[in-house]
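Asker: One structure follows; several queries about it will come next.
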Amino acid sequence: QKEVEQDPGPLSVPEGAIVSLNCTYSNSAFQYFMWYRQYSRKGPELLMYTYSSGNKEDGRFTAQVDKSSKYISLFIRDSQPSDSATYLCAKSGGSARQLTFGSGTQLTVLP
Amino acid sequence: GAGVSQSPRYKVAKRGQDVALRCDPISGHVSLFWYQQALGQGPEFLTYFQNEAQLDKSGLPSDRFFAERPEGSVSTLKIQRTQQEDSAVYLCASSFIAGVGDTQYFGPGTRLTVL
């Protein structure tokens, strides 16, 4: 079992839809949670960063962490075609400085 | 520069050739990471530097992989005797300080294809 499991997708939604992306993790040492967005043939770029359980909102994006169930979500409201990308959840913590990534969910927002 | 840069962006190698991939981190960033991203997968950790010291190389898949950062800035990932299974995108990331959970900024990657 991988340390970070992510719904693989692909996911295709119409413009304006609410998108829900999800990950689970198995190592309680993970303390920091991130969502990265990766456009085709580009490097990942940080989208959201959270430390504690609860919600964090930034514009159309909301990151949700539930440490009791080891579950992480990213919600995108009013999705746009420019949101079409691969979304990667990532964690770090314990003694490890490196990030542990999920396998990514490919999202397509249709105009 | 404004961000992490990597070169070359694309590299095609014949099986058995040696390759060298370069990473220029954001100026002043202490930490530098290398990741390997296979097609359709998330990045996987290879190795980590704090300044010039290689503190973690637990993710390097074999002794054919070698990384260095001699002056604490530019880093090179070298792969000797390349194999087809080495085909992947190699990503470099840097972060300003050396703590757990620091934001990592990624370069565009080098896409390596081994024929």
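Please note that chains go A, B, ... in the order of the structure tokens, that every chain numbers its residues from 1, and that ligands are numbered from 1 in the order shown.
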Please report as a PyMOL selection string which residues of chain A come no farther than 7 Å from chain B, using only C-alpha atoms.

Answerer: chain A and resi 32+42-45+88+92-93+96-98+100-104

Asker: Dump C-alpha atoms for the selected residues as an mmCIF file, in the first residue's frame?

Answerer:
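Done, and the output landed in result.cif:
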```
data_model
loop_
_atom_site.group_PDB
_atom_site.id
_atom_site.type_symbol
_atom_site.label_atom_id
_atom_site.label_comp_id
_atom_site.auth_asym_id
_atom_site.auth_seq_id
_atom_site.Cartn_x
_atom_site.Cartn_y
_atom_site.Cartn_z
ATOM 1 C CA TYR A 32 2.041 19.174 6.407
ATOM 2 C CA LYS A 42 5.448 21.740 -16.650
ATOM 3 C CA GLY A 43 6.692 21.313 -13.106
ATOM 4 C CA PRO A 44 4.270 21.148 -10.171
ATOM 5 C CA GLU A 45 3.279 24.499 -8.675
ATOM 6 C CA LEU A 88 -1.209 16.238 -6.890
ATOM 7 C CA SER A 92 5.686 15.839 4.548
ATOM 8 C CA GLY A 93 6.450 15.410 8.202
ATOM 9 C CA ALA A 96 11.501 13.613 6.308
ATOM 10 C CA ARG A 97 11.938 16.893 4.486
ATOM 11 C CA GLN A 98 10.976 15.410 1.146
ATOM 12 C CA THR A 100 5.444 12.203 -0.602
ATOM 13 C CA PHE A 101 3.010 12.572 -3.480
ATOM 14 C CA GLY A 102 -0.149 10.864 -4.560
ATOM 15 C CA SER A 103 -0.339 9.601 -8.121
ATOM 16 C CA GLY A 104 -2.276 12.647 -9.308
#
```

Asker: Got a sec: who's within 12 Å of Gly59 of chain A, counting only C-alpha atoms, leaving out chain neighbours fewer than 4 positions off, as an NGL selection string?

Answerer: :A and (47-48 or 63 or 75-79)

Asker: Output the selection as a JSON list (two decimals), in the first residue's frame - N, CA, C and O atoms for each residue.

Answerer:
```json
[["chain", "number", "residue", "atom", "x", "y", "z"],
["A", 47, "LEU", "N", -0.34, 25.04, -4.85],
["A", 47, "LEU", "CA", -1.67, 25.65, -4.91],
["A", 47, "LEU", "C", -2.18, 25.97, -3.50],
["A", 47, "LEU", "O", -2.65, 27.07, -3.23],
["A", 48, "MET", "N", -2.09, 25.00, -2.61],
["A", 48, "MET", "CA", -2.60, 25.17, -1.25],
["A", 48, "MET", "C", -1.66, 24.46, -0.28],
["A", 48, "MET", "O", -1.07, 23.43, -0.62],
["A", 63, "ALA", "N", -9.04, 23.77, 0.72],
["A", 63, "ALA", "CA", -8.38, 22.54, 1.13],
["A", 63, "ALA", "C", -8.95, 22.12, 2.47],
["A", 63, "ALA", "O", -9.14, 22.94, 3.36],
["A", 75, "PHE", "N", -11.36, 21.28, -2.96],
["A", 75, "PHE", "CA", -12.59, 21.65, -3.66],
["A", 75, "PHE", "C", -12.30, 22.86, -4.55],
["A", 75, "PHE", "O", -11.65, 23.81, -4.11],
["A", 76, "ILE", "N", -12.79, 22.79, -5.77],
["A", 76, "ILE", "CA", -12.67, 23.90, -6.70],
["A", 76, "ILE", "C", -14.08, 24.35, -7.06],
["A", 76, "ILE", "O", -14.87, 23.56, -7.61],
["A", 77, "ARG", "N", -14.39, 25.60, -6.74],
["A", 77, "ARG", "CA", -15.72, 26.14, -7.07],
["A", 77, "ARG", "C", -15.64, 26.86, -8.41],
["A", 77, "ARG", "O", -14.58, 27.36, -8.81],
["A", 78, "ASP", "N", -16.77, 26.91, -9.09],
["A", 78, "ASP", "CA", -16.86, 27.63, -10.37],
["A", 78, "ASP", "C", -15.67, 27.28, -11.26],
["A", 78, "ASP", "O", -14.91, 28.16, -11.68],
["A", 79, "SER", "N", -15.51, 26.00, -11.52],
["A", 79, "SER", "CA", -14.33, 25.54, -12.26],
["A", 79, "SER", "C", -14.27, 26.18, -13.65],
["A", 79, "SER", "O", -15.30, 26.44, -14.29]]
```

Asker: Could you list, as a VMD selection string, every residue within 7 Å of Arg22 of chain B, counting only C-alpha atoms and ignoring same-chain residues fewer than 3 positions away?

Answerer: chain B and resid 6 to 7 75 to 77

Asker: Applying 12 Å and only C-alpha atoms, which residues near Ser68 of chain A remain after dropping the ones on its own chain fewer than 6 positions away? List them as a PyMOL selection string.

Answerer: chain A and resi 24-28+52-54

Asker: Using only C-alpha atoms, determine which residues lie at most 7 Å from segment 107-111 of chain A, disregarding the query and same-chain residues fewer than 3 positions distant; provide the list as JSON, numbers by chain.

Answerer: {"A": [10, 11, 12, 13, 14, 15, 79, 80, 81, 83, 84, 85, 86]}

Asker: Kindly indicate which residue among A:Gln1, A:Ser73, A:Thr50, A:Gln64 lies nearest to Thr105 of chain A, using only C-alpha atoms for the distances.

Answerer: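 For Thr105 of chain A, the nearest of the given residues is A:Ser73.
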
Asker: What is the distance between atom CA of Thr62 of chain A and atom CA of Met34 of chain A, in Å to one decimal?

Answerer: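 Separation between atom CA of Thr62 of chain A and atom CA of Met34 of chain A: 11.6 Å.
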
Asker: Looking only at strand (DSSP E) from DSSP on the backbone, list the matching residues of chain B as a PyMOL selection string.

Answerer: chain B and resi 5-7+10-13+19-24+31-37+44-50+53-56+65-68+75-79+88-95+105-106+110-114

Asker: Would you mind telling me which residue in B:Tyr10, B:Ile26, B:Ala20, B:Ala53 lies nearest to Phe65 of chain B when using only C-alpha atoms?

Answerer: B:Ala20

Asker: With distances taken over only C-alpha atoms, which of B:Pro8, B:Leu112, B:Ser73, B:Ile97 is nearest to Ser27 of chain B?

Answerer: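 Looking at the shortest contact to Ser27 of chain B, the residue is B:Ser73.
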